[in-house]
Amino acid sequence: MEPEEKHAARLLEKHGIVPPYNLEELVSLYAEIEFLPFPKDINADGISYGLKKLDKPKIYINSSRPKVRQNFTLAHELGHVIIPWHTGNIVSHTNITVEESIAEFENYDDIDYEYRLIENEANRFAAEILIPTFWLSDMISDLEVSKIDSFLEEIIDKTGTSKDTTLIKLFNVLPAGFSCVQIDSNGIITNSFISKDTQVRKLLIGTQYYPEVYSIYKDKIDFSLGDRRYILWTFDKFILIPDENDVRTWREILKSILNDLDMQHKMASINAILPSAFQSNKDKSDSEIISIIYHRYSNHKDLKEFIDHPLFDQYVIKRFKELKAKQK
């Protein structure tokens with residue numbers, strides 16, 4: 001947990017509150033709040049004034065923004081008030097880390113690094129104050145994957161957070177073994193989430209979704225939140241060993257894949273990854289080694305087409321078995 005998140009957790013502990021609670025009431029203990037529409041030439045979500053100077057700093061929230069965003073901005077501004085090293089006056093853009101919002105800034109490269117840093121800190125504080133880690137962990141202990149939609153709706157209802165904020169926080173807290181994408185009506189991945197240490201690749205935003213994108217998984221849930229469609233996968237701690245169902249050798253399979261994809265120029269790097277992963281982990285179980293091999297390949301974004309090829313699993317298992325046999 002980052003220092004700013006610890007400040008949020010301590011604040012909730014101090015007041016003995018968990019969701020659902022009255023955020024405005026909490027913030028009013030530490031600052032004066034005013035909701036008002038900002039002039040059109042001020043493209044901001046909120047402003048904190050007099051940080052660490054006034055006994056009660058002033059917080060201004062742009063009431064022209066959607067209600068959910070106003071709620072997150074209020075928590076974000078509270079972060080500026082509480083975090084000890086945030087001082088002076090701060091004009092806030094709560095979505096500064098979202099790639100799609102970069103266009104809002106005419107000269108993004110000129111935005112001061114320190115400003116981006118404190119905005120990110122305030123965002124993390126806001127996420128923790130709205131969706132406390134300890135509270136969410138308790139919720140997750142009762143999670144039924146098949147009911148993920150109602151689980152998320154309950155969190156959103158209790159915290160007043162957006163779908164994106166809720167999913168980001170959830171996947172920061174979930175144990176290894178979860179991956180999720182949001183897809184649009186054209187089947188394009190518009191958002192992607194993966195829990196820490198999950199031994200599969202994170203799917204890339206902007207790429208085409210297709211049903212066989214993961215060949216091995218435990219559960220697959222297609223669900224909706226409002227007008228948004230999501231696909232969630234769960235995985236065992238270690239990937240199941242794929243069945244061997246091709247009579248060809250791994251060399252023949254590799255040649256077939258490279259010919260299909262016109263990737264002969266990648267042969268050297270492809271050939272080096274698997275034996276390296278095997279040799280450095282050969283004392284582990286077969287399922288662990290297979291998981292690590294998949295993970296090593298997933299780290300190479302230039303090999304995405306190779307990994308997605310239907311014969312990739314056969315290449316992996318056949319070469320793995322050959323190396324295993326030589327070890328005896």
# chains A, B, ... in the order shown; residues from 1 in each chain; ligands from 1
$ residues_around --residues "Ile168 of chain A" --least-positions-apart "6" --cutoff "12 Å" --atoms "only C-alpha atoms" --output "PDB file with C-alpha atoms, in the first residue's frame"
ATOM      1  CA  VAL A  98      -6.379   7.893 -18.292  1.00  0.00           C
ATOM      2  CA  ASN A 123      -6.376   9.552  -7.106  1.00  0.00           C
ATOM      3  CA  ARG A 124      -4.999   6.609  -5.135  1.00  0.00           C
ATOM      4  CA  ALA A 127      -9.864   5.124  -4.499  1.00  0.00           C
ATOM      5  CA  GLU A 128      -8.861   3.924  -1.024  1.00  0.00           C
ATOM      6  CA  ILE A 131     -13.324   1.554  -1.672  1.00  0.00           C
ATOM      7  CA  THR A 133      -8.873  -2.327   0.730  1.00  0.00           C
ATOM      8  CA  LEU A 152     -19.767  -5.148  -8.790  1.00  0.00           C
ATOM      9  CA  THR A 161     -17.805   4.993  -7.650  1.00  0.00           C
ATOM     10  CA  SER A 162     -17.646   4.604 -11.417  1.00  0.00           C
ATOM     11  CA  LEU A 174      -7.956  -9.691  -6.115  1.00  0.00           C
ATOM     12  CA  SER A 179      -8.320 -11.305 -16.093  1.00  0.00           C
ATOM     13  CA  CYS A 180     -11.100  -9.151 -17.541  1.00  0.00           C
ATOM     14  CA  VAL A 181     -11.755  -7.022 -20.609  1.00  0.00           C
ATOM     15  CA  ASN A 191     -10.371  -1.650 -21.196  1.00  0.00           C
ATOM     16  CA  SER A 192      -8.304  -4.434 -19.694  1.00  0.00           C
ATOM     17  CA  PHE A 193      -7.679  -5.586 -16.120  1.00  0.00           C
ATOM     18  CA  ILE A 194      -5.570  -8.365 -14.617  1.00  0.00           C
ATOM     19  CA  SER A 195      -4.851  -9.276 -10.997  1.00  0.00           C
ATOM     20  CA  LYS A 196      -1.309  -9.271  -9.690  1.00  0.00           C
TER      21      LYS A 196
END
$ residues_around --residues "Arg296 of chain A" --least-positions-apart "4" --cutoff "10 Å" --atoms "only C-alpha atoms" --output "PDB file with C-alpha atoms, in the first residue's frame"
ATOM      1  CA  GLN A 199       0.369 -16.167 -15.074  1.00  0.00           C
ATOM      2  CA  VAL A 200      -1.224 -15.094 -18.352  1.00  0.00           C
ATOM      3  CA  ARG A 201      -0.741 -12.034 -20.506  1.00  0.00           C
ATOM      4  CA  ILE A 273      12.594 -18.272 -24.637  1.00  0.00           C
ATOM      5  CA  LEU A 274      11.259 -21.745 -23.811  1.00  0.00           C
ATOM      6  CA  SER A 276      15.706 -20.643 -20.943  1.00  0.00           C
ATOM      7  CA  ALA A 277      12.497 -20.660 -18.875  1.00  0.00           C
ATOM      8  CA  ILE A 290       4.405 -24.522 -18.058  1.00  0.00           C
ATOM      9  CA  SER A 291       2.916 -21.447 -16.348  1.00  0.00           C
ATOM     10  CA  ILE A 292       6.288 -19.719 -16.324  1.00  0.00           C
ATOM     11  CA  HIS A 300       7.112 -10.244 -25.538  1.00  0.00           C
TER      12      HIS A 300
END
$ residues_around --residues "Ile293 of chain A" --least-positions-apart "6" --cutoff "12 Å" --atoms "only C-alpha atoms" --output "JSON, numbers by chain"
{"A": [199, 200, 201, 238, 239, 241, 270, 271, 272, 273, 274, 275, 276, 277, 278, 279, 280, 281, 282, 286, 287, 299, 300, 307, 312, 313, 315, 316, 317, 319, 320]}
$ residues_around --residues "Ser137 of chain A" --least-positions-apart "5" --cutoff "9 Å" --atoms "only C-alpha atoms" --output "list of chain:residue names"
A:Pro132, A:Leu170, A:Val173, A:Leu174
$ write_last_selection --atoms "N, CA and C atoms" --output "short mmCIF file (atom, residue, chain, number, x, y, z; two decimals), in the first residue's frame"
data_model
loop_
_atom_site.label_atom_id
_atom_site.label_comp_id
_atom_site.auth_asym_id
_atom_site.auth_seq_id
_atom_site.Cartn_x
_atom_site.Cartn_y
_atom_site.Cartn_z
N PRO A 132 -12.30 1.02 0.48
CA PRO A 132 -11.19 0.62 1.35
C PRO A 132 -10.73 -0.81 1.06
N LEU A 170 -10.74 -3.25 -7.69
CA LEU A 170 -10.98 -4.68 -7.50
C LEU A 170 -9.79 -5.51 -7.95
N VAL A 173 -6.82 -5.66 -5.74
CA VAL A 173 -6.99 -6.39 -4.49
C VAL A 173 -7.17 -7.89 -4.70
N LEU A 174 -7.73 -8.28 -5.83
CA LEU A 174 -7.96 -9.69 -6.11
C LEU A 174 -6.65 -10.49 -6.07
#
$ atom_distance --atom1 "atom CA of Leu143 of chain A" --atom2 "atom CA of Tyr214 of chain A"
22.5 Å
